[in-house]
>>> print(open('final-v1.csv').read())   # CSV, C-alpha atoms and all ligand atoms
chain,number,residue,atom,x,y,z
A,1,MET,CA,0.0,0.0,0.0
A,2,GLU,CA,1.3,3.4,-0.9
A,3,SER,CA,2.0,5.5,2.3
A,4,SER,CA,0.0,8.6,2.5
A,5,PRO,CA,2.1,11.8,2.6
A,6,ASP,CA,2.3,13.0,6.2
A,7,ILE,CA,4.1,16.3,6.5
A,8,GLY,CA,3.3,17.1,10.1
A,9,ASN,CA,6.4,18.2,12.0
A,10,LEU,CA,8.1,19.3,8.8
A,11,GLN,CA,11.6,20.7,9.4
A,12,ALA,CA,13.4,23.2,7.1
A,13,ILE,CA,16.8,24.6,6.5
A,14,LEU,CA,17.0,28.3,5.4
A,15,LEU,CA,20.1,29.3,3.4
A,16,VAL,CA,21.0,32.9,4.5
A,17,GLY,CA,24.8,33.0,4.5
A,18,GLY,CA,25.4,34.9,1.2
A,19,GLN,CA,26.8,38.4,1.1
A,20,GLY,CA,24.2,39.9,-1.2
A,21,THR,CA,26.9,41.7,-3.3
A,22,ARG,CA,24.5,42.6,-6.1
A,23,LEU,CA,22.4,44.6,-3.6
A,24,ARG,CA,25.3,46.8,-2.3
A,25,PRO,CA,25.3,49.4,-0.9
A,26,LEU,CA,22.1,48.2,0.9
A,27,THR,CA,23.7,45.0,2.1
A,28,LEU,CA,26.9,46.6,3.4
A,29,GLY,CA,25.4,46.7,6.9
A,30,THR,CA,22.4,44.4,6.6
A,31,PRO,CA,22.2,40.9,5.1
A,32,LYS,CA,19.9,40.6,2.0
A,33,PRO,CA,17.3,38.4,3.9
A,34,LEU,CA,16.9,41.2,6.5
A,35,LEU,CA,16.3,44.1,4.2
A,36,PRO,CA,13.0,45.8,4.9
A,37,THR,CA,10.5,44.5,2.3
A,38,ALA,CA,6.9,45.8,2.4
A,39,GLY,CA,7.6,47.1,5.9
A,40,VAL,CA,9.2,44.0,7.6
A,41,PRO,CA,12.4,42.1,7.2
A,42,PHE,CA,12.3,40.1,3.9
A,43,LEU,CA,12.5,36.8,5.7
A,44,ALA,CA,9.3,37.5,7.7
A,45,HIS,CA,7.4,36.8,4.5
A,46,GLN,CA,9.2,33.5,3.9
A,47,LEU,CA,8.8,32.4,7.5
A,48,ALA,CA,5.1,33.2,7.6
A,49,ARG,CA,4.5,31.3,4.4
A,50,ALA,CA,6.5,28.3,5.5
A,51,LYS,CA,4.5,28.3,8.8
A,52,ALA,CA,1.2,28.5,6.8
A,53,PHE,CA,2.3,25.3,4.9
A,54,GLY,CA,2.9,23.3,8.0
A,55,VAL,CA,6.6,23.9,8.7
A,56,GLU,CA,7.3,23.8,12.5
A,57,ARG,CA,11.0,24.1,12.9
A,58,ILE,CA,13.6,26.0,10.8
A,59,VAL,CA,17.4,25.8,11.0
A,60,PHE,CA,19.0,29.0,9.7
A,61,ALA,CA,22.3,28.4,7.9
A,62,THR,CA,24.1,31.6,8.6
A,63,SER,CA,27.5,33.1,7.9
A,64,TYR,CA,27.6,36.8,6.8
A,65,ARG,CA,26.6,38.9,9.8
A,66,ALA,CA,25.1,35.9,11.5
A,67,SER,CA,24.3,37.6,14.8
A,68,MET,CA,21.8,39.9,13.1
A,69,PHE,CA,19.5,37.0,12.3
A,70,THR,CA,19.3,35.9,16.0
A,71,GLU,CA,18.6,39.5,17.0
A,72,ALA,CA,15.8,39.8,14.4
A,73,PHE,CA,14.0,36.5,14.9
A,74,GLY,CA,15.2,35.0,18.2
A,75,ASP,CA,13.6,31.6,19.0
A,76,GLY,CA,10.8,32.2,16.4
A,77,SER,CA,8.0,32.2,19.0
A,78,SER,CA,6.5,35.4,17.5
A,79,PHE,CA,6.0,33.4,14.3
A,80,GLY,CA,4.8,30.3,16.0
A,81,LEU,CA,8.0,28.6,14.8
A,82,ARG,CA,11.0,27.0,16.5
A,83,LEU,CA,14.2,28.5,15.1
A,84,GLU,CA,17.7,27.3,15.4
A,85,TYR,CA,20.9,28.9,14.1
A,86,MET,CA,24.0,27.1,12.6
A,87,THR,CA,26.8,29.4,11.6
A,88,GLU,CA,29.7,28.7,9.2
A,89,GLU,CA,32.9,30.4,10.3
A,90,THR,CA,33.8,30.7,6.6
A,91,PRO,CA,31.0,30.2,4.1
A,92,LEU,CA,30.7,26.5,3.0
A,93,GLY,CA,28.6,27.1,-0.2
A,94,THR,CA,25.0,26.0,-0.5
A,95,GLY,CA,25.8,22.2,-0.1
A,96,GLY,CA,28.3,22.6,2.8
A,97,ALA,CA,25.8,24.9,4.5
A,98,ILE,CA,22.9,22.4,4.2
A,99,ARG,CA,25.2,19.6,5.5
A,100,ASN,CA,26.3,21.8,8.4
A,101,ALA,CA,22.8,22.9,9.3
A,102,ALA,CA,21.5,19.4,9.2
A,103,GLN,CA,23.2,18.6,12.4
A,104,ALA,CA,20.4,20.5,14.1
A,105,LEU,CA,17.6,18.5,12.5
A,106,THR,CA,15.8,16.0,14.7
A,107,CYS,CA,14.0,14.0,12.0
A,108,GLY,CA,14.7,10.5,10.8
A,109,PRO,CA,16.7,9.4,7.7
A,110,ASP,CA,13.7,8.8,5.5
A,111,ASP,CA,11.9,12.0,6.5
A,112,PRO,CA,11.6,15.0,4.1
A,113,VAL,CA,13.6,18.1,4.8
A,114,LEU,CA,12.6,21.4,3.1
A,115,VAL,CA,15.5,23.6,2.0
A,116,LEU,CA,14.9,27.2,1.0
A,117,ASN,CA,17.1,29.9,-0.5
A,118,GLY,CA,16.7,32.9,1.7
A,119,ASP,CA,16.0,35.5,-1.1
A,120,ILE,CA,12.9,34.0,-2.8
A,121,LEU,CA,9.3,35.2,-2.8
A,122,SER,CA,7.1,32.4,-4.0
A,123,GLY,CA,3.4,31.7,-4.1
A,124,HIS,CA,3.8,28.0,-4.8
A,125,ASP,CA,2.2,25.3,-2.7
A,126,ILE,CA,5.0,23.9,-0.5
A,127,ARG,CA,2.7,21.1,0.8
A,128,ALA,CA,2.0,19.9,-2.8
A,129,GLN,CA,5.7,19.8,-3.5
A,130,VAL,CA,6.4,17.7,-0.4
A,131,ALA,CA,3.4,15.4,-1.2
A,132,LEU,CA,4.8,14.8,-4.7
A,133,HIS,CA,8.3,14.1,-3.2
A,134,MET,CA,6.9,11.5,-0.8
A,135,SER,CA,4.5,9.8,-3.2
A,136,ARG,CA,7.3,9.2,-5.7
A,137,GLY,CA,9.9,8.3,-3.1
A,138,ALA,CA,12.4,10.9,-4.6
A,139,ALA,CA,15.9,11.6,-3.4
A,140,VAL,CA,15.3,15.3,-4.0
A,141,THR,CA,12.4,17.3,-5.4
A,142,LEU,CA,13.1,20.7,-6.8
A,143,HIS,CA,10.6,23.5,-7.3
A,144,LEU,CA,10.9,24.6,-10.9
A,145,THR,CA,9.5,27.8,-12.5
A,146,GLU,CA,9.9,29.5,-15.9
A,147,VAL,CA,11.7,32.7,-16.6
A,148,GLU,CA,12.6,34.7,-19.7
A,149,ASP,CA,16.4,34.6,-19.1
A,150,PRO,CA,17.4,31.2,-17.7
A,151,SER,CA,21.1,31.9,-18.1
A,152,ARG,CA,21.1,33.8,-14.7
A,153,PHE,CA,19.8,30.7,-12.9
A,154,GLY,CA,20.1,26.9,-12.6
A,155,CYS,CA,18.6,25.6,-15.9
A,156,VAL,CA,16.7,22.3,-15.2
A,157,PRO,CA,15.4,20.1,-18.0
A,158,THR,CA,13.0,17.3,-17.1
A,159,ASP,CA,11.5,14.2,-18.9
A,160,PRO,CA,7.8,13.7,-19.4
A,161,ASP,CA,7.5,12.1,-16.0
A,162,GLY,CA,9.0,15.1,-14.3
A,163,ARG,CA,12.4,13.5,-13.7
A,164,VAL,CA,15.2,16.0,-13.8
A,165,THR,CA,17.7,15.0,-16.6
A,166,ALA,CA,20.4,17.6,-16.0
A,167,PHE,CA,21.2,20.5,-13.8
A,168,LEU,CA,23.1,23.3,-15.6
A,169,GLU,CA,24.0,26.2,-13.2
A,170,LYS,CA,24.2,29.6,-14.9
A,171,THR,CA,24.9,28.1,-18.3
A,172,PRO,CA,25.3,30.5,-21.2
A,173,TYR,CA,23.5,27.8,-23.3
A,174,PRO,CA,20.2,27.1,-21.5
A,175,VAL,CA,18.3,24.2,-23.0
A,176,THR,CA,14.9,25.2,-21.5
A,177,ASN,CA,13.3,28.2,-19.7
A,178,ARG,CA,12.6,26.0,-16.8
A,179,ILE,CA,14.8,26.9,-13.8
A,180,ASN,CA,15.6,25.9,-10.3
A,181,ALA,CA,13.4,28.1,-8.1
A,182,GLY,CA,15.5,27.6,-4.9
A,183,CYS,CA,13.1,25.4,-2.8
A,184,TYR,CA,14.1,21.8,-2.4
A,185,VAL,CA,12.7,18.8,-0.6
A,186,PHE,CA,15.5,16.4,0.4
A,187,ARG,CA,15.2,12.9,1.8
A,188,ARG,CA,17.2,13.5,5.0
A,189,SER,CA,19.7,10.6,4.3
A,190,VAL,CA,20.7,12.3,1.0
A,191,ILE,CA,21.9,15.4,2.9
A,192,ASP,CA,24.0,13.1,5.0
A,193,THR,CA,26.0,12.0,1.9
A,194,ILE,CA,27.2,15.6,1.3
A,195,PRO,CA,30.8,15.8,2.5
A,196,GLU,CA,31.2,17.5,5.9
A,197,ASN,CA,33.1,20.7,6.6
A,198,GLN,CA,33.9,21.3,2.9
A,199,VAL,CA,32.8,24.0,0.4
A,200,VAL,CA,30.2,22.3,-1.7
A,201,SER,CA,27.7,23.7,-4.2
A,202,VAL,CA,24.4,21.8,-4.4
A,203,GLU,CA,23.8,23.3,-7.8
A,204,ARG,CA,27.2,22.5,-9.3
A,205,GLU,CA,28.1,19.3,-7.4
A,206,THR,CA,25.3,17.6,-5.4
A,207,PHE,CA,22.5,17.7,-8.0
A,208,PRO,CA,24.6,16.8,-11.0
A,209,GLY,CA,26.1,14.0,-9.0
A,210,LEU,CA,22.8,12.5,-7.9
A,211,ILE,CA,21.5,12.7,-11.5
A,212,ALA,CA,24.6,10.9,-12.8
A,213,ALA,CA,24.3,8.2,-10.1
A,214,GLY,CA,20.7,7.5,-11.3
A,215,GLU,CA,19.0,8.8,-8.2
A,216,LEU,CA,15.5,10.1,-8.6
A,217,VAL,CA,15.7,13.9,-8.7
A,218,LEU,CA,12.2,15.2,-9.5
A,219,GLY,CA,10.9,18.6,-10.6
A,220,TYR,CA,7.8,20.1,-9.0
A,221,ILE,CA,6.8,22.4,-11.8
A,222,ASP,CA,4.3,25.3,-11.4
A,223,THR,CA,3.6,28.8,-12.5
A,224,ALA,CA,2.7,30.6,-9.3
A,225,TYR,CA,4.2,34.0,-8.4
A,226,TRP,CA,8.0,33.7,-8.1
A,227,LEU,CA,10.8,36.2,-7.7
A,228,ASP,CA,14.5,36.1,-6.6
A,229,VAL,CA,15.1,39.5,-4.9
A,230,GLY,CA,18.9,39.4,-5.4
A,231,THR,CA,19.1,42.7,-7.4
A,232,PRO,CA,17.9,46.2,-6.6
A,233,THR,CA,15.3,46.1,-9.3
A,234,ALA,CA,14.0,42.7,-8.2
A,235,TYR,CA,14.1,43.7,-4.5
A,236,ILE,CA,12.0,46.9,-5.2
A,237,LYS,CA,9.6,44.8,-7.4
A,238,GLY,CA,9.1,42.2,-4.6
A,239,SER,CA,8.2,44.9,-2.0
A,240,ARG,CA,5.9,46.6,-4.5
A,241,ASP,CA,4.1,43.4,-5.4
A,242,LEU,CA,3.5,42.6,-1.7
A,243,VAL,CA,2.1,46.1,-1.0
A,244,LEU,CA,-0.1,45.9,-4.1
A,245,GLY,CA,-1.3,42.4,-3.0
A,246,ARG,CA,0.0,40.6,-6.1
A,247,LEU,CA,1.5,38.0,-3.7
A,248,HIS,CA,-0.3,37.3,-0.4
A,249,SER,CA,1.9,37.4,2.7
A,250,PRO,CA,0.6,36.7,6.2
A,251,ALA,CA,3.4,39.0,7.4
A,252,MET,CA,2.2,42.2,5.9
A,253,PRO,CA,2.1,44.9,8.6
A,254,GLY,CA,-0.9,46.7,7.2
A,255,PRO,CA,-3.5,46.6,4.4
A,256,CYS,CA,-2.5,46.2,0.8
A,257,GLY,CA,-3.0,49.2,-1.5
A,258,GLU,CA,-1.2,51.9,-3.5
A,259,HIS,CA,1.1,52.6,-0.6
A,260,LEU,CA,2.0,51.4,2.9
A,261,ALA,CA,2.8,54.1,5.4
A,262,LEU,CA,4.4,52.8,8.5
A,263,PRO,CA,3.8,54.2,12.0
A,264,ASP,CA,5.3,57.7,12.6
A,265,SER,CA,5.8,58.4,8.9
A,266,ILE,CA,4.5,61.7,7.5
A,267,VAL,CA,3.1,62.1,4.0
A,268,SER,CA,2.0,65.6,3.0
A,269,PRO,CA,-1.6,65.8,1.7
A,270,ASP,CA,-0.1,67.4,-1.4
A,271,ALA,CA,2.3,64.5,-2.1
A,272,LYS,CA,1.4,61.6,-4.4
A,273,VAL,CA,2.7,58.2,-3.1
A,274,SER,CA,1.6,55.2,-5.2
A,275,GLY,CA,2.5,52.1,-7.2
A,276,GLY,CA,3.1,49.9,-4.0
A,277,SER,CA,5.5,52.3,-2.4
A,278,VAL,CA,6.5,52.0,1.3
A,279,VAL,CA,7.1,55.0,3.6
A,280,GLY,CA,9.2,53.8,6.5
A,281,HIS,CA,9.0,54.6,10.2
A,282,GLY,CA,9.7,58.3,10.8
A,283,ALA,CA,10.1,59.0,7.0
A,284,ILE,CA,8.8,62.3,5.6
A,285,VAL,CA,7.4,63.0,2.1
A,286,GLU,CA,7.0,66.7,1.7
A,287,SER,CA,4.5,68.8,-0.3
A,288,GLY,CA,4.3,68.2,-4.1
A,289,ALA,CA,6.6,65.2,-4.0
A,290,THR,CA,5.8,62.2,-6.2
A,291,VAL,CA,6.9,58.7,-5.1
A,292,THR,CA,6.1,55.7,-7.3
A,293,GLY,CA,6.9,52.0,-6.8
A,294,SER,CA,9.7,52.8,-4.3
A,295,ILE,CA,11.0,51.9,-0.9
A,296,LEU,CA,11.6,54.8,1.5
A,297,LEU,CA,13.4,53.4,4.5
A,298,ASP,CA,13.2,54.7,8.1
A,299,ASN,CA,13.7,58.4,8.8
A,300,CYS,CA,14.5,59.4,5.2
A,301,VAL,CA,13.2,62.7,3.8
A,302,ILE,CA,11.8,63.4,0.3
A,303,GLY,CA,11.9,67.1,-0.2
A,304,PRO,CA,9.2,69.3,-1.8
A,305,GLY,CA,8.5,68.6,-5.4
A,306,ALA,CA,11.0,65.8,-5.6
A,307,THR,CA,10.3,62.7,-7.8
A,308,VAL,CA,11.3,59.2,-6.8
A,309,VAL,CA,10.4,56.3,-9.1
A,310,ASP,CA,11.4,52.6,-8.8
A,311,SER,CA,14.1,53.5,-6.2
A,312,VAL,CA,15.3,52.7,-2.7
A,313,VAL,CA,16.1,55.6,-0.4
A,314,GLY,CA,18.1,54.4,2.6
A,315,PRO,CA,17.6,55.1,6.3
A,316,GLY,CA,18.2,58.7,7.2
A,317,ALA,CA,19.0,59.7,3.6
A,318,ARG,CA,17.7,63.0,2.1
A,319,VAL,CA,16.4,63.7,-1.4
A,320,GLU,CA,16.1,67.5,-1.6
A,321,GLY,CA,13.5,69.6,-3.3
A,322,GLY,CA,13.0,69.1,-7.0
A,323,ALA,CA,15.5,66.2,-7.3
A,324,VAL,CA,14.5,63.4,-9.7
A,325,LEU,CA,15.4,59.7,-9.1
A,326,SER,CA,14.5,56.8,-11.3
A,327,ASP,CA,15.9,53.2,-10.7
A,328,VAL,CA,18.4,54.5,-8.1
A,329,VAL,CA,19.7,53.3,-4.7
A,330,VAL,CA,20.5,56.0,-2.2
A,331,GLY,CA,22.6,54.5,0.7
A,332,ASP,CA,22.1,55.2,4.4
A,333,GLY,CA,22.4,58.9,5.3
A,334,ALA,CA,23.3,60.0,1.8
A,335,VAL,CA,22.1,63.3,0.4
A,336,VAL,CA,20.9,64.1,-3.1
A,337,GLY,CA,21.0,67.9,-3.4
A,338,SER,CA,18.1,69.7,-5.1
A,339,GLY,CA,18.0,69.9,-8.9
A,340,ASN,CA,19.9,66.6,-9.4
A,341,GLU,CA,18.6,64.1,-11.8
A,342,LEU,CA,19.8,60.5,-11.2
A,343,LEU,CA,18.8,57.8,-13.6
A,344,ALA,CA,19.0,54.1,-14.4
A,345,GLY,CA,21.3,52.1,-12.1
A,346,ALA,CA,22.8,55.0,-10.1
A,347,ARG,CA,24.0,53.9,-6.7
A,348,LEU,CA,24.9,56.4,-4.0
A,349,TRP,CA,27.2,55.0,-1.2
A,350,PRO,CA,26.2,55.6,2.4
A,351,GLY,CA,27.0,59.2,3.7
A,352,VAL,CA,27.8,60.6,0.2
A,353,VAL,CA,26.6,64.1,-0.3
A,354,LEU,CA,25.7,65.2,-3.8
A,355,PRO,CA,25.6,69.0,-3.8
A,356,GLU,CA,22.8,71.0,-5.3
A,357,SER,CA,23.0,70.7,-9.1
A,358,ALA,CA,24.4,73.7,-10.9
A,359,VAL,CA,22.8,72.4,-14.1
A,360,ARG,CA,19.4,73.8,-14.9
A,361,PHE,CA,17.1,72.4,-17.5
A,362,SER,CA,15.4,74.8,-19.9
A,363,SER,CA,12.0,74.0,-18.4
A,364,ASP,CA,13.2,75.3,-15.0
A,365,VAL,CA,14.1,78.8,-16.3
B,1,LIG,N1,24.9,29.5,4.7
B,1,LIG,C1,25.3,29.8,3.5
B,1,LIG,N2,26.6,29.6,3.1
B,1,LIG,N3,24.4,30.3,2.6
B,1,LIG,C2,24.8,30.6,1.4
B,1,LIG,C3,26.1,30.4,0.9
B,1,LIG,C4,27.0,29.9,1.9
B,1,LIG,O1,28.2,29.7,1.6
B,1,LIG,N4,26.2,30.8,-0.4
B,1,LIG,C5,24.9,31.2,-0.8
B,1,LIG,N5,24.1,31.1,0.3
B,1,LIG,C6,22.6,31.4,0.3
B,1,LIG,C7,22.3,32.8,-0.1
B,1,LIG,O2,22.2,33.6,1.1
B,1,LIG,C8,20.9,32.6,-0.8
B,1,LIG,O3,19.9,32.6,0.2
B,1,LIG,C9,21.0,31.3,-1.4
B,1,LIG,O4,22.1,30.6,-0.7
B,1,LIG,C10,21.3,31.3,-2.9
B,1,LIG,O5,22.4,32.1,-3.1
B,1,LIG,P1,22.3,33.3,-4.2
B,1,LIG,O6,23.6,34.0,-4.2
B,1,LIG,O7,21.1,34.1,-4.1
B,1,LIG,O8,22.3,32.4,-5.6
B,1,LIG,P2,21.6,32.8,-7.0
B,1,LIG,O9,20.4,33.5,-6.8
B,1,LIG,O10,22.7,33.3,-7.8
B,1,LIG,O11,21.3,31.3,-7.6
B,1,LIG,C11,20.6,30.3,-6.8
B,1,LIG,O12,19.2,30.7,-6.8
B,1,LIG,C12,18.5,30.6,-8.1
B,1,LIG,C13,17.1,30.9,-7.8
B,1,LIG,O13,16.9,32.2,-7.4
B,1,LIG,C14,20.8,29.0,-7.4
B,1,LIG,O14,20.2,28.0,-6.5
B,1,LIG,C15,20.2,28.8,-8.8
B,1,LIG,O15,20.3,27.5,-9.2
B,1,LIG,C16,18.7,29.2,-8.7
B,1,LIG,O16,18.1,29.2,-10.0
B,2,MG,MG,19.4,34.5,-5.3
>>> encode(input="final-v1.csv", output="C-alpha cells")
Amino acid sequence: MESSPDIGNLQAILLVGGQGTRLRPLTLGTPKPLLPTAGVPFLAHQLARAKAFGVERIVFATSYRASMFTEAFGDGSSFGLRLEYMTEETPLGTGGAIRNAAQALTCGPDDPVLVLNGDILSGHDIRAQVALHMSRGAAVTLHLTEVEDPSRFGCVPTDPDGRVTAFLEKTPYPVTNRINAGCYVFRRSVIDTIPENQVVSVERETFPGLIAAGELVLGYIDTAYWLDVGTPTAYIKGSRDLVLGRLHSPAMPGPCGEHLALPDSIVSPDAKVSGGSVVGHGAIVESGATVTGSILLDNCVIGPGATVVDSVVGPGARVEGGAVLSDVVVGDGAVVGSGNELLAGARLWPGVVLPESAVRFSSDV
C-alpha cells in the first residue's frame, strides 16, 4: 500500500549566508534576507508562508553577519515557529551549509527536509511539493519555474515524468526556460551524503552527482508568483508586489493598497505616493513630491516637489527639493541635493553628499 504523505512536523533549512553583493550598498550593513520589504524584514514573509504550509522548525544556515539573524528573529515564537541557528565560520557554499545545518535537525533518515534559498518570494504550494516528493519516493524534489532569461539561474530540463535529466547552473547555453526556483525537498539521508566541513555547491556538485548516479531527482513544476530578490530592481519589485497584493503574505504589517505608510511616517496631503511604495517609520514625504513604486526606508526625507520612481532611499537619507530619481539606490544617510537628476542604475554609497546641481534644465528657467 502506498504510504499517504504526512508532512506534520516538517523541518526546514533556510540558506541565508550569502553576502548579497548585487544589492550593495544596501547589504553593506544588513544581510539581504533582513532588508525591509513591504515594511518588515524580507525573511518575515518567507517564515510566515512556511508556517502556513505546516513547517514547524527551521534551522538558519548563517555566515555573513550571523548575529543579526538571531537579533531579528530569536527563538521564532512570535511566528509560532521554533528557530535554530547554525553558523559557518567561513562560508561553505550551499551544499556545505545544508550539511552543516542538518546537524540541528531532529527528524529520521527517510523524512523529508525542506531547504529554502533565503531570497525568494514564492506563491507555490509547498505542501503539494512535499506530497509529490513523498508519493514518488524521490531523493530530492526541486521546485521549478519558468523565466525569460534562464542563463542567470540553474537551468533544469525534465523528462515527461517530471524526472530531472540535467542541472546546468548559470549556463550561457540554456536548453529550457525552466529553472531551479530555490526550494528543495531532500530525503534526510541524502543530505548526510554531502561531504562535511567542505565547500560544496548543491547546484554544481550535489544535484549533477545525484542525477549521474541514477538517483530520482524530481521537478515540481508550477507557474505561481515567483521572484529572486537578489538585485535592486527585483528587491523593489518584490516589495511593491507585496504592497499591491500581487502576492499574499501573512506577514504584511498593514492593508494592501497603493502605498504602505508605517507608523510615525508623515506624507504631505499634497504629495502623491503610489504604485506599491512603502514609507518607512519616521520617514517624511513633503509637499508636491511624487513617489512611485519605491521603498523609502526609516527616517529618510523626500523634499518638496522631488520625484522618486522605482528606487530605494536608505535610512536617514535626504532627497532634496526638486531632485529626480529613477531606478536609483541611495545609501544610508546620503544626500541628493536639489536639482539633481539620477537615472537608471545610479548607486549612492552611504553618507555621500551630492551637492545641489548647478545644471538647470530649460524647463526650469
Ligand atoms: N549559509 C550559506 N553559506 N548560505 C549561502 C552560501 C554559503 O556559503 N552561499 C549562498 N548562500 C545562500 C544565499 O544567502 C541565498 O539565500 C542562497 O544561498 C542562494 O544564493 P544566491 O547567491 O542568491 O544564488 P543565486 O540567486 O545566484 O542562484 C541560486 O538561486 C537561483 C534561484 O533564485 C541557485 O540556487 C540557482 O540554481 C537558482 O536558479
Ligand atoms: Mg538568489
>>> residues_near_ligand(input="final-v1.csv", ligand="ligand MG 2 (chain B)", cutoff="12 Å", atoms="all atoms listed in the file", output="ChimeraX atom specification")
/A:15-23,32-33,94,116-121,152-154,170,180-183,226-232,234-235
>>> closest_residue(input="final-v1.csv", among="A:Ser189, A:Asn299, A:Gln103, A:Thr233", to="Pro263 in chain A", atoms="all atoms listed in the file")
A:Asn299
>>> atom_distance(input="final-v1.csv", atom1="CA of Gly123 in chain A", atom2="CA of Gly219 in chain A")
16.4 Å
>>> closest_residue(input="final-v1.csv", among="A:Val279, A:Tyr225, A:Val324, A:Phe53", to="His248 in chain A", atoms="all atoms listed in the file")
A:Tyr225
>>> atom_distance(input="final-v1.csv", atom1="CA of Thr176 in chain A", atom2="atom C5 of ligand LIG 1 (chain B)")
23.8 Å
>>> closest_residue(input="final-v1.csv", among="A:Arg187, A:Arg127, A:Arg65, A:Lys237", to="ligand LIG 1 (chain B)", atoms="all atoms listed in the file")
A:Arg65
>>> residues_around(input="final-v1.csv", residues="range 34-51 of chain A", least_positions_apart="6", cutoff="6 Å", atoms="all atoms listed in the file", output="NGL selection string")
:A and (239 or 243 or 249-251)
>>> atom_distance(input="final-v1.csv", atom1="atom C16 of ligand LIG 1 (chain B)", atom2="CA of Glu71 in chain A")
27.7 Å
>>> residues_around(input="final-v1.csv", residues="Gly245 in chain A", least_positions_apart="6", cutoff="9 Å", atoms="all atoms listed in the file", output="number ranges by chain")
A: 255-257, 276
>>> residues_around(input="final-v1.csv", residues="Ala12 in chain A", least_positions_apart="4", cutoff="7 Å", atoms="all atoms listed in the file", output="JSON, numbers by chain")
{"A": [57, 58, 59, 113, 114, 115]}
>>> residues_around(input="final-v1.csv", residues="Leu354 in chain A", least_positions_apart="2", cutoff="10 Å", atoms="only C-alpha atoms", output="list of chain:residue names")
A:Val319, A:Ala334, A:Val335, A:Val336, A:Gly337, A:Ser338, A:Asn340, A:Leu348, A:Gly351, A:Val352, A:Glu356, A:Ser357
>>> closest_residue(input="final-v1.csv", among="A:Glu169, A:Glu286, A:Glu258, A:Asp332", to="ligand LIG 1 (chain B)", atoms="all atoms listed in the file")
A:Glu169
>>> closest_residue(input="final-v1.csv", among="A:Arg347, A:Arg163, A:Lys272, A:Arg99", to="ligand LIG 1 (chain B)", atoms="all atoms listed in the file")
A:Arg99
>>> closest_residue(input="final-v1.csv", among="A:Val308, A:Val140, A:Ala66, A:Val130", to="Gly214 in chain A", atoms="all atoms listed in the file")
A:Val140
>>> axis_aligned_box(input="final-v1.csv", around="range 213-231 of chain A", padding_each_side="8 Å", output="lines of an AutoDock Vina configuration file")
center_x = 13.5
center_y = 25.1
center_z = -8.7
size_x = 37.6
size_y = 51.2
size_z = 23.6
